Structures are given as structure tokens and as C-alpha cells.
Amino acid sequence: MRLTFSASSPSSSSSLDLRKSRLSAYIFSLLAFAFIFFFAAILYGEDFVYIFILGNSENNPLRQPISTINEAKLAFALWETKEGCDVFSGRWVKDELTRPLYRESECPYIVPQLTCQDHGRPDQGYQHWRWQPHGCDLPSFNATLMLETLRGKRMMFVGDSLNRGQYISMVCLLHRLVPENAKSMETFDSLTVFTAKDYNTTIEFYWAPFLLKSNADNAVIHRITDRIVRKGSIDNHGQHWKGADILVFNTYLWWMTGQKMKILKGSFDDEKKEIVEMPTENAYRMVMKSMLRWVKLNMDPKKTRVFFTSMSPTHAKSKLLGIRL
Ligand SMILES: *[C@@H]1O[C@H](CO)[C@@H](O)[C@H](O)[C@H]1NC(C)=O
Ligand SMILES: *[C@@H]1O[C@H](CO)[C@@H](O)[C@H](O)[C@H]1NC(C)=O
């Protein structure tokens, strides 16, 4: 498996050839709606993985030229972007005409921590942003097409509350097409499942803020300041991701404690726990490697797609800026 990392700022004219990343562009247009500023798509081919990471620095050590592009048609690809168009190079534009794609009041699934309007947020403008690539237009969102594409499939978001927000957004974008008696939303511990019965499809969210096993894995009670992550434990959560056709990962915010990360070498059940402290960068590198290894072993590049959402703005109460949920 060969990895290629590339970073580009939204304003730079990166020459990434993204012709073949049609679905990533498609998903991007969906996620962009919900304020994704940094987005990375993992596009993997038969024997290699591409990661496009949108960073903010030309000096990013991860920035390397991409040498090969997989020519095979990617699973779930819906359309082609204009040749040579870099969908990651663009800007946010105010679009009062076509945004928002749904209103908070129309979607019963938004969790209370994300219902800004309900909690009295006075401004509305934040709902009108749309991502506009410099070199082309993204097709407008088509919920019918999306549901048809997901027919008989499982789409799963895995990560923290920021990804839960993306998950809810996706459900809000699609649920109106599904009659009341043909859809359900259920939660089983760490897993939340939206089902569209007529489409035989599920859109799911799995709570795993570090992806690896940690002491913050309780889906409800997880506001832990003394965070401990267990090394080499990706399968612990990963067993619940198997069978997903589209996976959207994120992990970022929970690593940003400002201190070294506490890494558990043995098991959480050990009487005497072996815990080492690790700089955040090293700990984060460790989880990235674990995640990619898991993807390599468990996902079929011909039939499935994997995305990785990197840094995006967090959510906070107006009085408690910086709170991490
Ligand atoms: C949305 O997709 C469906 C299914 O492919 C298609 O029939 C319809 O024309 C599309 N709608 C728009 C507005 O493009
Ligand atoms: C529903 O989708 C699953 C795959 O997720 C498939 O195995 C099953 O046969 C489908 N059922 C129907 C009735 O189409």
C-alpha cells in the first residue's frame, strides 16, 4: 500500500488531478453545506491509497506531488467534474437563492446541541454558504439521485460530534423523500441508524471520537478531561463498521487537549495499566496508520468508498466558547 498525502489551501491553484474523484466531489458538495473547511477524501485504488488533505499551509510537510491517479471508475461515482477542475480550490459564496437546502425546523433529527435557531441564535446568514470551486460548478444536490444510489447500501459516519453533525445533515437532506411510515431512527449504544425501508438503505453514525478504543467511548457520558486512548485497538470499534459501503471518518478535536496524549498499551481491564505519554502529533499519526490499515484490510476498493473529514469548526454554546462535546 502506498500513501500519498497532499495539502492545498482553498486559494492556491493546486494542480491535483481530481477528475476521478467524482463522488468525493459530490460528497464534498454535501458536506460543504455544513461548514466543512478542511476536507480530505481517501480515494483508494487496488494497491494504493490517495489522501487529499486540505491544509492551510504551503509548507505543510504532508504536501507531496501525486504521482499516479487511479483510472478505474470509482464506486458510487455519480458524475464527472470538468477536466482538470480542482474542486478543493474554491471559495465560500453567499447563496440566498439555493441555500439552505433544509431548515432546522423541517428536520426532526437534529440533536439539541445543534439546534441553533431553537436556542435563539439571532442571525440566519450562516445557513447560506455554498462552496464554489474556482474552475467549475458542482452539480446541485439531488436527494432522489442520492437515495437511488444508496439503494441496498449502508452509509456510515464514524467519529465525534462534528461527524455526527454531518450525519444528521445527510439525513435531513434525504428524509423528506421518505414517507413517515417507511423510515426510522434508532440508537443502539454507540450506533445510530436511520433506515429508509423502501430503499433498503441505512445511513448510520458510530460514536468513536478517537476511532481507537478510549475512555471517552460512552455515547452519552463522555466528557472526560483525562483522556486515555488504547494503542492498537482499531478493531474494537472497527468490527461494527464492517459491511458499510460508504464510510466517512473523522477524528481531530478530541486529540487537541493541549497536552501530551495518554496512550494505554495493555487493556483497560488491566489492574496495573501501562500508560505512556505521547506528543499529540505522534498519537495522531498512530491513529491515522491504524485507520488506513483497517481500511486496507476491510474495505473493497472496487465496491466501497472511504472518506476522511479532517478539521472543521466545532460547535459551542455562545457563552462557553471552546467547549468540546
Ligand atoms: C434527480 O435525479 C433523478 C434520478 O436520477 C432524476 O430523475 C431527476 O431528473 C433529477 N432532478 C434534477 C433536478 O436534476
Ligand atoms: C437489502 O440490502 C442488503 C445489502 O445491504 C441485501 O443483502 C439484501 O438482499 C437487500 N434486500 C432486498 C429486499 O433488496
# chains A, B, ... in the order shown; residues from 1 in each chain; ligands from 1
>>> residues_near_ligand(ligand="ligand 1", cutoff="8 Å", atoms="only C-alpha atoms and all ligand atoms", output="ChimeraX atom specification")
/A:140,142-146,148
>>> residues_near_ligand(ligand="ligand 2", cutoff="9 Å", atoms="only C-alpha atoms and all ligand atoms", output="PyMOL selection string")
chain A and resi 151-154+198-202+243-245
>>> select_by_dssp(residues="stretch 134-198 of chain A", states="alpha helix (DSSP H)", output="ChimeraX atom specification")
/A:143-149,161-174
>>> write_last_selection(atoms="N, CA, C and O atoms", output="compact mmCIF listing (two decimals), in the first residue's frame")
# COMPACT_ATOMS: atom_id res chain seq x y z
N ALA A 143 -31.56 14.84 -3.99
CA ALA A 143 -31.85 13.85 -2.95
C ALA A 143 -32.34 12.53 -3.56
O ALA A 143 -32.01 11.45 -3.07
N THR A 144 -33.12 12.61 -4.62
CA THR A 144 -33.63 11.40 -5.28
C THR A 144 -32.47 10.56 -5.79
O THR A 144 -32.40 9.34 -5.55
N LEU A 145 -31.56 11.22 -6.47
CA LEU A 145 -30.41 10.52 -7.03
C LEU A 145 -29.56 9.90 -5.91
O LEU A 145 -29.10 8.76 -6.02
N MET A 146 -29.41 10.66 -4.84
CA MET A 146 -28.62 10.16 -3.71
C MET A 146 -29.26 8.90 -3.12
O MET A 146 -28.58 7.90 -2.89
N LEU A 147 -30.56 8.95 -2.90
CA LEU A 147 -31.25 7.79 -2.32
C LEU A 147 -31.20 6.60 -3.27
O LEU A 147 -31.01 5.46 -2.84
N GLU A 148 -31.39 6.86 -4.55
CA GLU A 148 -31.31 5.76 -5.53
C GLU A 148 -29.93 5.12 -5.51
O GLU A 148 -29.78 3.91 -5.61
N THR A 149 -28.91 5.96 -5.38
CA THR A 149 -27.54 5.46 -5.37
C THR A 149 -27.27 4.63 -4.12
O THR A 149 -26.48 3.69 -4.14
N SER A 161 -18.62 14.33 17.58
CA SER A 161 -19.87 15.08 17.40
C SER A 161 -19.87 15.92 16.12
O SER A 161 -20.93 16.25 15.60
N LEU A 162 -18.68 16.27 15.62
CA LEU A 162 -18.65 17.03 14.37
C LEU A 162 -19.13 16.15 13.22
O LEU A 162 -19.86 16.59 12.34
N ASN A 163 -18.73 14.91 13.25
CA ASN A 163 -19.20 13.98 12.22
C ASN A 163 -20.66 13.61 12.45
O ASN A 163 -21.41 13.37 11.50
N ARG A 164 -21.07 13.60 13.71
CA ARG A 164 -22.48 13.37 13.99
C ARG A 164 -23.31 14.49 13.33
O ARG A 164 -24.37 14.24 12.76
N GLY A 165 -22.77 15.71 13.38
CA GLY A 165 -23.44 16.83 12.71
C GLY A 165 -23.56 16.60 11.21
O GLY A 165 -24.60 16.86 10.60
N GLN A 166 -22.48 16.08 10.60
CA GLN A 166 -22.52 15.79 9.16
C GLN A 166 -23.54 14.69 8.86
O GLN A 166 -24.26 14.73 7.87
N TYR A 167 -23.56 13.71 9.74
CA TYR A 167 -24.50 12.60 9.60
C TYR A 167 -25.94 13.12 9.64
O TYR A 167 -26.76 12.81 8.76
N ILE A 168 -26.23 13.93 10.64
CA ILE A 168 -27.58 14.46 10.77
C ILE A 168 -27.93 15.30 9.55
O ILE A 168 -29.04 15.23 9.02
N SER A 169 -26.96 16.07 9.08
CA SER A 169 -27.20 16.88 7.88
C SER A 169 -27.60 16.01 6.70
O SER A 169 -28.52 16.33 5.95
N MET A 170 -26.87 14.90 6.54
CA MET A 170 -27.18 14.00 5.44
C MET A 170 -28.61 13.46 5.57
O MET A 170 -29.36 13.44 4.59
N VAL A 171 -28.97 13.05 6.77
CA VAL A 171 -30.32 12.53 6.98
C VAL A 171 -31.36 13.63 6.71
O VAL A 171 -32.39 13.39 6.07
N CYS A 172 -31.07 14.83 7.18
CA CYS A 172 -32.01 15.95 6.96
C CYS A 172 -32.19 16.23 5.47
O CYS A 172 -33.27 16.61 5.03
N LEU A 173 -31.12 16.04 4.71
CA LEU A 173 -31.20 16.30 3.27
C LEU A 173 -32.06 15.26 2.55
O LEU A 173 -32.61 15.53 1.49
N LEU A 174 -32.14 14.06 3.12
CA LEU A 174 -32.79 12.96 2.40
C LEU A 174 -34.17 12.58 2.93
O LEU A 174 -35.00 12.06 2.19
>>> select_by_dssp(residues="stretch 248-305 of chain A", states="strand (DSSP E)", output="list of chain:residue names")
A:Val248, A:Phe249, A:Asn250, A:Met261, A:Lys262, A:Ile263, A:Leu264, A:Ile275, A:Val276, A:Glu277, A:Met278, A:Arg305
>>> closest_residue(among="A:Met286, A:Met299, A:Met185, A:Ala208", to="A:Phe157", atoms="only C-alpha atoms")
A:Ala208
>>> closest_residue(among="A:Ile203, A:Ala219, A:Ala75, A:Cys85", to="A:Cys136", atoms="only C-alpha atoms")
A:Cys85
>>> atom_distance(atom1="atom CA of A:Glu186", atom2="atom CA of A:Asn236")
21.6 Å
>>> residues_around(residues="A:Gly125", least_positions_apart="6", cutoff="12 Å", atoms="only C-alpha atoms", output="VMD selection string")
chain A and resid 93 to 96 99 to 100 117
>>> residues_around(residues="A:Ile234", least_positions_apart="3", cutoff="9 Å", atoms="only C-alpha atoms", output="ChimeraX atom specification")
/A:211-213,230-231,237-239,287,290-291,294
>>> closest_residue(among="A:Ala316, A:Leu247, A:Ala196, A:Val229", to="A:Tyr284", atoms="only C-alpha atoms")
A:Val229
>>> atom_distance(atom1="atom CA of A:Tyr102", atom2="atom CA of A:Thr192")
21.0 Å
>>> residues_around(residues="A:Pro133", least_positions_apart="6", cutoff="6 Å", atoms="only C-alpha atoms", output="PyMOL selection string")
chain A and resi 87+89-90
>>> atom_distance(atom1="atom CA of A:Asp137", atom2="atom CA of A:Glu80")
11.1 Å
>>> closest_residue(among="A:Phe188, A:Val178, A:Val111, A:Lys197", to="A:Asn218", atoms="only C-alpha atoms")
A:Phe188
>>> residues_around(residues="stretch 264-280 of chain A", least_positions_apart="6", cutoff="9 Å", atoms="only C-alpha atoms", output="ChimeraX atom specification")
/A:214-215,228-232,255-258
